[in-house]
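A.B. asks: One file: work32.cif (mmCIF, C-alpha atoms).
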```cif
data_work
loop_
_atom_site.label_atom_id
_atom_site.label_comp_id
_atom_site.auth_asym_id
_atom_site.auth_seq_id
_atom_site.Cartn_x
_atom_site.Cartn_y
_atom_site.Cartn_z
CA MET L 199 262.95 -122.74 -254.88
CA PRO L 200 260.65 -119.87 -253.84
CA SER L 201 261.78 -116.26 -254.21
CA PHE L 202 261.21 -113.55 -251.62
CA ARG L 203 261.49 -109.80 -251.18
CA LEU L 204 261.19 -107.12 -248.52
CA THR L 205 258.99 -104.12 -249.36
CA MET L 206 259.39 -100.96 -247.28
CA ARG L 207 256.13 -99.87 -245.65
CA GLN L 208 257.67 -97.24 -243.35
CA GLY L 209 261.03 -95.51 -243.69
CA PRO L 210 263.04 -93.37 -246.10
CA THR L 211 261.92 -95.14 -249.33
CA VAL L 212 258.33 -96.32 -248.80
CA GLY L 213 257.22 -98.75 -251.52
CA LYS L 214 260.73 -99.79 -252.54
CA SER L 215 261.22 -103.57 -252.83
CA PHE L 216 264.42 -105.47 -252.17
CA ASP L 217 264.63 -108.90 -253.86
CA LEU L 218 266.31 -111.48 -251.64
CA ALA L 219 268.56 -113.13 -254.22
CA LYS L 220 271.44 -114.28 -252.00
CA ASP L 221 271.74 -116.89 -249.26
CA VAL L 222 273.06 -114.32 -246.76
CA ILE L 223 271.87 -110.69 -246.88
CA THR L 224 272.92 -107.94 -244.50
CA LEU L 225 270.90 -104.81 -243.75
CA GLY L 226 272.18 -101.56 -242.29
CA ARG L 227 273.29 -97.99 -242.81
CA ASP L 228 276.85 -98.85 -243.96
CA LEU L 229 277.47 -99.02 -247.72
CA SER L 230 279.00 -102.51 -247.38
CA ASN L 231 275.55 -104.02 -246.65
CA ASP L 232 273.48 -105.81 -249.29
CA ILE L 233 270.47 -103.64 -248.40
CA VAL L 234 271.55 -100.12 -247.44
CA ILE L 235 268.95 -98.06 -245.55
CA ASN L 236 269.94 -94.49 -244.83
CA ASP L 237 268.07 -93.86 -241.59
CA ALA L 238 269.39 -92.40 -238.33
CA GLU L 239 267.94 -95.26 -236.23
CA MET L 240 269.72 -97.92 -238.29
CA SER L 241 273.00 -99.33 -237.03
CA ARG L 242 275.85 -99.61 -239.52
CA HIS L 243 275.36 -103.40 -239.54
CA HIS L 244 271.82 -103.82 -238.19
CA SER L 245 270.55 -107.31 -239.07
CA ARG L 246 271.10 -110.34 -241.29
CA LEU L 247 268.79 -112.59 -243.33
CA THR L 248 269.97 -116.15 -244.01
CA ARG L 249 268.30 -118.63 -246.36
CA GLN L 250 267.67 -121.97 -244.68
CA GLY L 251 266.12 -124.34 -247.21
CA ALA L 252 262.95 -122.72 -248.55
CA HIS L 253 262.83 -120.09 -245.78
CA TYR L 254 264.71 -117.05 -244.55
CA VAL L 255 265.63 -116.41 -240.93
CA VAL L 256 266.36 -112.96 -239.54
CA GLU L 257 268.73 -112.11 -236.71
CA ASP L 258 269.81 -108.88 -235.08
CA LEU L 259 273.52 -108.05 -235.26
CA GLY L 260 273.69 -106.24 -231.91
CA SER L 261 272.00 -103.10 -233.22
CA THR L 262 271.30 -100.21 -230.89
CA ASN L 263 267.55 -99.95 -231.65
CA GLY L 264 266.77 -103.63 -232.25
CA THR L 265 265.18 -105.81 -234.91
CA PHE L 266 261.51 -106.76 -234.51
CA VAL L 267 259.13 -109.17 -236.28
CA ASN L 268 255.45 -108.33 -235.88
CA SER L 269 256.33 -105.98 -232.97
CA SER L 270 258.27 -108.68 -231.03
CA ARG L 271 261.99 -108.09 -230.51
CA VAL L 272 264.19 -110.69 -232.19
CA SER L 273 266.74 -112.45 -230.01
CA GLY L 274 268.57 -115.23 -231.80
CA GLN L 275 267.12 -116.33 -235.14
CA TYR L 276 263.50 -116.01 -236.25
CA THR L 277 262.06 -117.87 -239.27
CA LEU L 278 260.05 -115.45 -241.41
CA ASN L 279 256.58 -116.22 -242.76
CA LEU L 280 254.90 -114.44 -245.67
CA GLY L 281 253.31 -111.20 -244.50
CA ASP L 282 255.59 -110.79 -241.47
CA ILE L 283 256.56 -107.20 -240.68
CA VAL L 284 260.29 -106.78 -240.09
CA SER L 285 260.99 -103.54 -238.19
CA LEU L 286 264.45 -102.07 -237.79
CA GLY L 287 264.28 -99.67 -234.86
CA ASP L 288 261.14 -97.54 -234.65
CA THR L 289 261.31 -95.84 -238.04
CA VAL L 290 261.80 -98.61 -240.65
CA ALA L 291 259.27 -101.38 -241.33
CA MET L 292 259.25 -103.84 -244.23
CA VAL L 293 256.88 -106.64 -245.18
CA PHE L 294 258.29 -110.07 -246.09
CA GLU L 295 256.65 -111.19 -249.34
CA GLY L 296 256.87 -114.02 -251.84
CA ILE L 297 257.65 -113.33 -255.48
CA PRO L 298 255.73 -115.42 -258.01
CA THR L 299 258.18 -117.13 -260.33
CA GLU L 300 257.54 -117.89 -264.01
CA ALA L 301 257.23 -121.60 -263.25
CA ALA L 302 254.83 -121.02 -260.37
CA ALA L 303 252.71 -118.61 -262.40
CA THR L 304 252.27 -121.02 -265.34
CA MET L 305 249.47 -123.57 -265.08
CA VAL L 306 249.83 -126.78 -267.02
CA GLY L 307 246.81 -128.80 -268.04
CA SER L 308 245.27 -130.77 -270.86
CA PHE L 309 242.39 -129.57 -272.95
CA GLY L 310 239.67 -131.62 -274.57
CA ALA L 311 238.90 -131.85 -278.28
CA SER L 312 238.20 -128.71 -280.26
CA VAL L 313 234.71 -127.38 -280.09
CA ILE L 314 232.71 -127.66 -283.30
CA THR L 315 232.24 -123.89 -283.49
CA GLY L 316 235.98 -123.53 -283.96
CA GLU L 317 236.62 -121.57 -280.74
CA GLN L 318 239.84 -122.39 -278.99
CA PRO L 319 239.62 -123.28 -275.31
CA ARG L 320 241.31 -120.71 -273.10
CA ALA L 321 243.99 -121.61 -270.62
CA PRO L 322 243.25 -120.61 -267.04
CA VAL L 323 245.28 -117.64 -265.90
CA ALA L 324 247.29 -117.93 -262.69
CA SER L 325 247.42 -114.83 -260.59
CA TYR L 326 249.25 -113.70 -257.53
CA THR L 327 247.63 -111.50 -254.96
CA PRO L 328 250.03 -110.10 -252.37
CA PRO L 329 248.89 -110.21 -248.76
CA PRO L 330 247.06 -107.11 -247.53
CA PRO L 331 249.17 -104.53 -245.73
CA PRO L 332 249.45 -105.31 -242.03
CA GLN L 333 247.20 -103.44 -239.65
CA SER L 334 250.02 -102.68 -237.20
CA ILE L 335 251.68 -100.27 -239.68
CA SER L 336 248.54 -98.25 -240.41
CA ALA L 337 248.15 -94.75 -239.01
CA PRO L 338 247.20 -94.69 -235.33
CA GLU L 339 243.64 -93.97 -234.38
CA PRO L 340 243.07 -90.35 -233.34
CA ILE L 341 243.02 -89.84 -229.59
CA ASN L 342 239.81 -88.45 -228.15
CA VAL L 343 240.90 -85.59 -225.92
CA SER L 344 237.43 -84.58 -224.73
CA ALA L 345 236.84 -85.25 -221.06
CA PRO L 346 234.41 -88.00 -220.13
CA LYS L 347 231.08 -86.74 -218.79
CA SER L 348 231.87 -88.03 -215.29
CA ASN L 349 234.93 -85.73 -215.08
CA ARG L 350 233.33 -82.51 -216.36
CA GLY L 351 232.74 -81.22 -212.83
CA MET L 352 236.40 -81.78 -212.01
CA MET L 353 237.41 -79.99 -215.19
CA ILE L 354 235.21 -76.99 -214.40
CA ALA L 355 236.66 -76.84 -210.87
CA GLY L 356 240.20 -77.01 -212.31
CA VAL L 357 239.50 -74.17 -214.77
CA GLY L 358 238.04 -72.10 -211.92
CA CYS L 359 241.14 -72.69 -209.76
CA LEU L 360 243.37 -71.74 -212.67
CA ALA L 361 241.40 -68.50 -213.14
CA LEU L 362 241.80 -67.66 -209.42
CA ILE L 363 245.54 -68.32 -209.57
CA CYS L 364 245.86 -66.04 -212.61
CA CYS L 365 243.91 -63.27 -210.86
CA ALA L 366 246.04 -63.57 -207.72
CA ALA L 367 249.26 -63.48 -209.73
CA SER L 368 248.06 -60.46 -211.67
CA SER L 369 247.08 -58.63 -208.46
CA GLY L 370 250.41 -59.47 -206.84
CA ALA L 371 252.32 -58.21 -209.87
CA SER L 372 250.37 -54.94 -209.95
CA VAL L 373 250.95 -54.35 -206.21
CA PHE L 374 254.66 -55.06 -206.65
CA LEU L 375 254.94 -52.69 -209.60
CA ARG L 376 252.99 -49.98 -207.74
CA TYR L 377 255.22 -50.08 -204.67
CA ALA L 378 258.52 -51.12 -206.28
CA PRO L 379 261.54 -49.24 -204.88
CA PRO L 380 263.19 -46.65 -207.15
CA SER L 381 266.31 -48.85 -207.39
CA PHE L 382 264.22 -51.51 -209.20
CA TRP L 383 263.05 -49.03 -211.83
CA LYS L 384 266.61 -47.75 -212.38
CA SER L 385 267.93 -51.33 -212.77
CA ILE L 386 265.56 -51.99 -215.69
CA GLY L 387 266.23 -48.64 -217.35
CA PHE L 388 263.29 -46.48 -216.30
#
```
Can you present the structure in this file as structure tokens?

C.D. replies:
Amino acid sequence: MPSFRLTMRQGPTVGKSFDLAKDVITLGRDLSNDIVINDAEMSRHHSRLTRQGAHYVVEDLGSTNGTFVNSSRVSGQYTLNLGDIVSLGDTVAMVFEGIPTEAAATMVGSFGASVITGEQPRAPVASYTPPPPPQSISAPEPINVSAPKSNRGMMIAGVGCLALICCAASSGASVFLRYAPPSFWKSIGF
């Protein structure tokens, strides 16, 4: 039977892996969970993973901030596929991965007769390459805050209006201070 794990890509312990070794696994902030994640957006009992044959399904346990798979909110049960991103609220994201087992990593084969030179044939080596990190968890692209060329005239007009408003406010304040009644100056301690 295949083995699986969740590896945190975003959250309080980035890079930490949680092997899924039980048929039912609960996730949440409470210490009674199988996977405890100390994060303010986590509910005490946030979600549950259940093994169904050779797969795991995830379901939300009525959490406040929701459980998502690949940015889609989970309602009911969702069967996980390798590489799926399981998000718990907005601050915790984990990738669902397979774990190569000893039996799966060993290749069995037969070799021909020994070579006359005396060299031993080498067994092929099995390797496991985890899926690449998902693109949806990467850092957001920087936002270009420069105004498009078609709006530069509007921006210049807006800056000009702002300058006029500042001048008018400054003039109004100086007139007020010049002609303020003596009671005003006494009230502020002058």

A.B. asks: Just give me the gap between atom CA of Lys384 of chain L and atom CA of Ala367 of chain L in Å, one decimal is fine.

C.D. replies: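 Rounded to one decimal, the two atoms are 23.6 Å apart.
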
A.B. asks: Counting only C-alpha atoms, which of L:Pro210, L:Gly370, L:Gly260, L:Gly351 gets nearest to Ala238 of chain L?

C.D. replies: L:Pro210

A.B. asks: Any chance you could resolve the PyMOL selection byres ((chain L and resi 222-235) around 6) against this file and give the residues as a list in words?

C.D. replies: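 Here the PyMOL selection byres ((chain L and resi 222-235) around 6) matches Lys220, Asp221, Asn236, Asp237, Met240, Ser241, Arg242, His243, His244, Ser245, Arg246, Leu247 and Thr248 of chain L.
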
A.B. asks: Which distance in Å separates atom CA of Thr262 of chain L and atom CA of Asp288 of chain L, to one decimal?

C.D. replies: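 A separation of 11.2 Å between them.
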
A.B. asks: Quick one: residues within 9 Å of Phe202 of chain L, all atoms listed in the file, excluding same-chain residues fewer than 3 positions away - as a PDB file with C-alpha atoms, keeping the file's coordinate frame?

C.D. replies:
```pdb
ATOM      1  CA  PHE L 216     264.420-105.470-252.170  1.00  0.00           C
ATOM      2  CA  ASP L 217     264.630-108.900-253.860  1.00  0.00           C
ATOM      3  CA  LEU L 218     266.310-111.480-251.640  1.00  0.00           C
ATOM      4  CA  ALA L 219     268.560-113.130-254.220  1.00  0.00           C
ATOM      5  CA  HIS L 253     262.830-120.090-245.780  1.00  0.00           C
ATOM      6  CA  TYR L 254     264.710-117.050-244.550  1.00  0.00           C
ATOM      7  CA  LEU L 280     254.900-114.440-245.670  1.00  0.00           C
ATOM      8  CA  PHE L 294     258.290-110.070-246.090  1.00  0.00           C
ATOM      9  CA  GLU L 295     256.650-111.190-249.340  1.00  0.00           C
ATOM     10  CA  GLY L 296     256.870-114.020-251.840  1.00  0.00           C
ATOM     11  CA  ILE L 297     257.650-113.330-255.480  1.00  0.00           C
ATOM     12  CA  PRO L 298     255.730-115.420-258.010  1.00  0.00           C
TER      13      PRO L 298
END
```

A.B. asks: Mind pulling up the distance from atom CA of Thr265 of chain L to atom CA of Gly281 of chain L?

C.D. replies: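 Straight-line distance from atom CA of Gly281 of chain L to atom CA of Thr265 of chain L works out to 16.2 Å.
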
A.B. asks: Between L:Gly251, L:Asp258, L:Leu375, L:Gly356, which one has atoms that come closest to Gly274 of chain L, using all atoms listed in the file?

C.D. replies: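 Going through L:Gly251, L:Asp258, L:Leu375, L:Gly356 one by one, the smallest distance to Gly274 of chain L is for L:Asp258.
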
A.B. asks: Looking at L:Val284, L:Ser372, L:Glu257, L:Thr205, which one is nearest to Val272 of chain L, with distances taken over all atoms listed in the file?

C.D. replies: L:Glu257

A.B. asks: When you look at Gly209 of chain L with a cut-off of 7 Å (counting only C-alpha atoms), what residues show up, excluding the ones that are within fewer than 5 positions of it in the same chain? I need them as a PyMOL selection string.

C.D. replies: chain L and resi 289-291
